[in-house]
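K.L.:
Take a look at this one; I'll ask things after.
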Amino acid sequence: MSSATGPGAAASGPRLPDFPWDSLAPHKATANAHPDGIVDLSVGTPVDPVPAKLQEALSTVAEVPGYPATHGTPALREAAVESLRRRYGITGLEPDAVLPTIGSKELVAWLPTLLGVRPGDVVAIPDLAYPTYEVGAKIAGAEVVRLAPGELPPAGTRLLWLNSPSNPTGRVLTADELGRMVRAAQDMGAVVASDECYLALGWDAEPVSVLHPSVGAARDGLLAVHSLSKSSNLAGYRAGFVTGDPALVARLLELRKHAGMIVPRPVQEAVTAALRDDEHVADQRELYAARRAVLRPALESAGFTIEHSQAGLYLWSTRGEDAWATVEWLAQRGILAAPGTFYGPDGARHVRIAMTATDERIATAAKRLGS
């Protein structure tokens, strides 16, 4: 990329990586050309309907004309605290320490900036990670350091991202592993943000929140980020929340009030209904479990090795070759997957294969893999 010059150069913004999904376009075209259509297992977009009771909740406040509260309704915050206690055994949270977010991606992207991370500071992320962790650091002008499994954050770290279950690998960190990382970051005064968007989807291991008592960490400087996109099919609603250290959440609230980062009132109502109801979460989990039971053995029979993938919505897969060669091999069979390079250099020989397709498309993918 050439350096910007001229009157607008100062307003050109931070230098960011190319948007990774754009590079999949040729392979998507190949997969689309399959006579029986594409099976898109790349992005991980929910395909099942929004549960009826959440749709109904959205519509109940459609006539409300006023501005919504940045902090969310008291009912939403109370529902979040209760759902975390019920579903994940998290205790000791107060409703004031819950802050709704416009999905989780915007929080991930803007958290370093909101925390005052500056050029010269370090944002530490997993070696294989959701790309927006790196993007958020670069927006703030910070240095990104990728940590191998078990590696502690280096000196100068201002923000440490944890992610269990991992996107893309599905790796699950134990309570002891989480506690060790949290304490190391706290000892140097860094904020720890734990991305827990896939916490409801444990398969071969039971994920634990960084806020769970078994982790044994103080909550100073500790945040847990949650999304309803996957567990409640609310990706289109942009629905999430962050909780943890009350003082840190209060500071984020203050900044977000000024910036107009507000979840729309109807979405707040849908989020409240989703957090109060565990049945639809269990139903969705069963759908994904059934799809996983079809897709995983089909991949293994086709010569793939599945690594980690103990939880979450993805199968971290390899054929022992360059990731883009595997993407093309799958595209020739009408299946689109994401190359592991989207998530870091260590993903160069893997692909991430999502389980977010209809039962019919998953069955179609399995059949193609076996032919």
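In the structure tokens, chains take the letters A, B, ... in the order shown, each chain's residues start at 1, and ligands count up from 1 in the order shown.
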Env of Ala33 in chain A: 10 Å cut, atoms = only C-alpha atoms, seq-sep filter 5 positions within chain, self excluded. Answer as a list in words.
P.N.:
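That gives His27, Lys28, Ile38, Ala331, Gln332, Arg333 and Gly334 of chain A.
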K.L.:
Keeping all heavy atoms, export the residues of the selection given above as a PDB file, in the first residue's frame.
P.N.:
```
ATOM      1  N   HIS A  27     -12.846 -18.510  -4.748  1.00  0.00           N
ATOM      2  CA  HIS A  27     -13.198 -19.861  -4.301  1.00  0.00           C
ATOM      3  C   HIS A  27     -14.704 -19.976  -4.069  1.00  0.00           C
ATOM      4  O   HIS A  27     -15.292 -21.040  -4.308  1.00  0.00           O
ATOM      5  CB  HIS A  27     -12.415 -20.195  -3.033  1.00  0.00           C
ATOM      6  CG  HIS A  27     -10.931 -20.093  -3.226  1.00  0.00           C
ATOM      7  ND1 HIS A  27     -10.199 -21.066  -3.867  1.00  0.00           N
ATOM      8  CD2 HIS A  27     -10.049 -19.107  -2.899  1.00  0.00           C
ATOM      9  CE1 HIS A  27      -8.928 -20.697  -3.912  1.00  0.00           C
ATOM     10  NE2 HIS A  27      -8.821 -19.516  -3.328  1.00  0.00           N
ATOM     11  N   LYS A  28     -15.313 -18.878  -3.660  1.00  0.00           N
ATOM     12  CA  LYS A  28     -16.777 -18.879  -3.528  1.00  0.00           C
ATOM     13  C   LYS A  28     -17.424 -19.045  -4.893  1.00  0.00           C
ATOM     14  O   LYS A  28     -18.424 -19.766  -5.038  1.00  0.00           O
ATOM     15  CB  LYS A  28     -17.240 -17.591  -2.859  1.00  0.00           C
ATOM     16  CG  LYS A  28     -18.735 -17.588  -2.556  1.00  0.00           C
ATOM     17  CD  LYS A  28     -19.135 -16.364  -1.734  1.00  0.00           C
ATOM     18  CE  LYS A  28     -20.613 -16.436  -1.354  1.00  0.00           C
ATOM     19  NZ  LYS A  28     -21.017 -15.280  -0.512  1.00  0.00           N
ATOM     20  N   ILE A  38     -23.832 -24.238  -3.627  1.00  0.00           N
ATOM     21  CA  ILE A  38     -22.769 -24.108  -2.638  1.00  0.00           C
ATOM     22  C   ILE A  38     -23.226 -24.601  -1.266  1.00  0.00           C
ATOM     23  O   ILE A  38     -24.409 -24.500  -0.907  1.00  0.00           O
ATOM     24  CB  ILE A  38     -22.319 -22.631  -2.546  1.00  0.00           C
ATOM     25  CG1 ILE A  38     -21.054 -22.484  -1.674  1.00  0.00           C
ATOM     26  CG2 ILE A  38     -23.439 -21.756  -2.017  1.00  0.00           C
ATOM     27  CD1 ILE A  38     -20.472 -21.072  -1.698  1.00  0.00           C
ATOM     28  N   ALA A 331     -13.669 -26.268  -2.491  1.00  0.00           N
ATOM     29  CA  ALA A 331     -14.482 -25.478  -3.413  1.00  0.00           C
ATOM     30  C   ALA A 331     -14.836 -26.274  -4.667  1.00  0.00           C
ATOM     31  O   ALA A 331     -15.945 -26.130  -5.217  1.00  0.00           O
ATOM     32  CB  ALA A 331     -13.738 -24.199  -3.781  1.00  0.00           C
ATOM     33  N   GLN A 332     -13.914 -27.122  -5.133  1.00  0.00           N
ATOM     34  CA  GLN A 332     -14.202 -27.961  -6.297  1.00  0.00           C
ATOM     35  C   GLN A 332     -15.358 -28.914  -6.028  1.00  0.00           C
ATOM     36  O   GLN A 332     -16.011 -29.399  -6.962  1.00  0.00           O
ATOM     37  CB  GLN A 332     -12.949 -28.757  -6.697  1.00  0.00           C
ATOM     38  CG  GLN A 332     -11.811 -27.914  -7.220  1.00  0.00           C
ATOM     39  CD  GLN A 332     -12.097 -27.328  -8.603  1.00  0.00           C
ATOM     40  OE1 GLN A 332     -12.993 -27.776  -9.313  1.00  0.00           O
ATOM     41  NE2 GLN A 332     -11.335 -26.300  -8.975  1.00  0.00           N
ATOM     42  N   ARG A 333     -15.633 -29.162  -4.766  1.00  0.00           N
ATOM     43  CA  ARG A 333     -16.756 -30.021  -4.357  1.00  0.00           C
ATOM     44  C   ARG A 333     -17.959 -29.194  -3.880  1.00  0.00           C
ATOM     45  O   ARG A 333     -18.879 -29.736  -3.276  1.00  0.00           O
ATOM     46  CB  ARG A 333     -16.279 -30.990  -3.272  1.00  0.00           C
ATOM     47  CG  ARG A 333     -15.328 -32.039  -3.829  1.00  0.00           C
ATOM     48  CD  ARG A 333     -14.374 -32.606  -2.812  1.00  0.00           C
ATOM     49  NE  ARG A 333     -13.502 -33.607  -3.441  1.00  0.00           N
ATOM     50  CZ  ARG A 333     -12.433 -33.314  -4.185  1.00  0.00           C
ATOM     51  NH1 ARG A 333     -12.086 -32.047  -4.362  1.00  0.00           N
ATOM     52  NH2 ARG A 333     -11.717 -34.267  -4.741  1.00  0.00           N
ATOM     53  N   GLY A 334     -17.885 -27.897  -4.147  1.00  0.00           N
ATOM     54  CA  GLY A 334     -19.012 -27.031  -3.803  1.00  0.00           C
ATOM     55  C   GLY A 334     -19.091 -26.660  -2.347  1.00  0.00           C
ATOM     56  O   GLY A 334     -20.159 -26.234  -1.866  1.00  0.00           O
TER      57      GLY A 334
END
```
K.L.:
Which residues in range 226-335 of chain A does DSSP call strand (DSSP E or B)? List them as an MDAnalysis selection string.
P.N.:
chainID A and resid 226:227 239:244 305:307 311 314:318 335
K.L.:
Please report, as a Markdown table, each residue of range 43-132 of chain A lying at most 12 Å from range 234-240 of chain A, together with the nearest pair of atoms and the separation in Å rounded to one decimal; use only C-alpha atoms, and order rows by chain and ascending residue number.
P.N.:
```
| residue | atom | partner | partner_atom | distance |
| --- | --- | --- | --- | --- |
| A:Val43 | CA | A:Ala235 | CA | 11.9 |
| A:Gly44 | CA | A:Ala235 | CA | 10.2 |
| A:Thr45 | CA | A:Ala235 | CA | 7.5 |
| A:Pro46 | CA | A:Ala235 | CA | 7.0 |
| A:Val47 | CA | A:Ala235 | CA | 9.8 |
| A:Asp48 | CA | A:Leu234 | CA | 9.9 |
| A:Pro49 | CA | A:Leu234 | CA | 9.0 |
| A:Val50 | CA | A:Leu234 | CA | 6.5 |
| A:Pro51 | CA | A:Leu234 | CA | 9.1 |
| A:Ala52 | CA | A:Leu234 | CA | 11.8 |
| A:Leu54 | CA | A:Leu234 | CA | 9.0 |
| A:Gln55 | CA | A:Leu234 | CA | 9.9 |
| A:Leu58 | CA | A:Tyr237 | CA | 9.6 |
| A:Gly72 | CA | A:Gly240 | CA | 11.2 |
| A:Leu76 | CA | A:Gly240 | CA | 11.0 |
| A:Arg77 | CA | A:Gly240 | CA | 11.5 |
| A:Ala80 | CA | A:Gly240 | CA | 10.1 |
| A:Val98 | CA | A:Gly240 | CA | 10.3 |
| A:Leu99 | CA | A:Gly240 | CA | 8.7 |
| A:Pro100 | CA | A:Gly240 | CA | 5.8 |
| A:Thr101 | CA | A:Gly240 | CA | 5.0 |
| A:Ile102 | CA | A:Arg238 | CA | 5.1 |
| A:Gly103 | CA | A:Arg238 | CA | 4.0 |
| A:Ser104 | CA | A:Gly240 | CA | 5.4 |
| A:Lys105 | CA | A:Arg238 | CA | 8.9 |
| A:Glu106 | CA | A:Arg238 | CA | 9.4 |
| A:Leu107 | CA | A:Gly240 | CA | 9.1 |
| A:Val108 | CA | A:Gly240 | CA | 11.2 |
```
K.L.:
Give me the residues near Leu178 in chain A as an MDAnalysis selection string, where near means some atom within 9 Å (using only C-alpha atoms) and where sequence neighbours in that chain fewer than 5 positions away do not count.
P.N.:
chainID A and resid 162 164 173 183 208:210 215 217
K.L.:
Could you build a table of the residues in range 200-233 of chain A lying no more than 12 Å from range 344-362 of chain A, giving for each the nearest pair of atoms and their separation in Å rounded to one decimal place, using only C-alpha atoms, ordered by chain and ascending residue number, as CSV?
P.N.:
```
residue,atom,partner,partner_atom,distance
A:Leu201,CA,A:Met355,CA,11.7
A:Ser229,CA,A:Thr356,CA,11.6
A:Lys230,CA,A:Thr356,CA,9.2
A:Ser231,CA,A:Thr356,CA,11.6
A:Asn233,CA,A:Thr356,CA,10.5
```
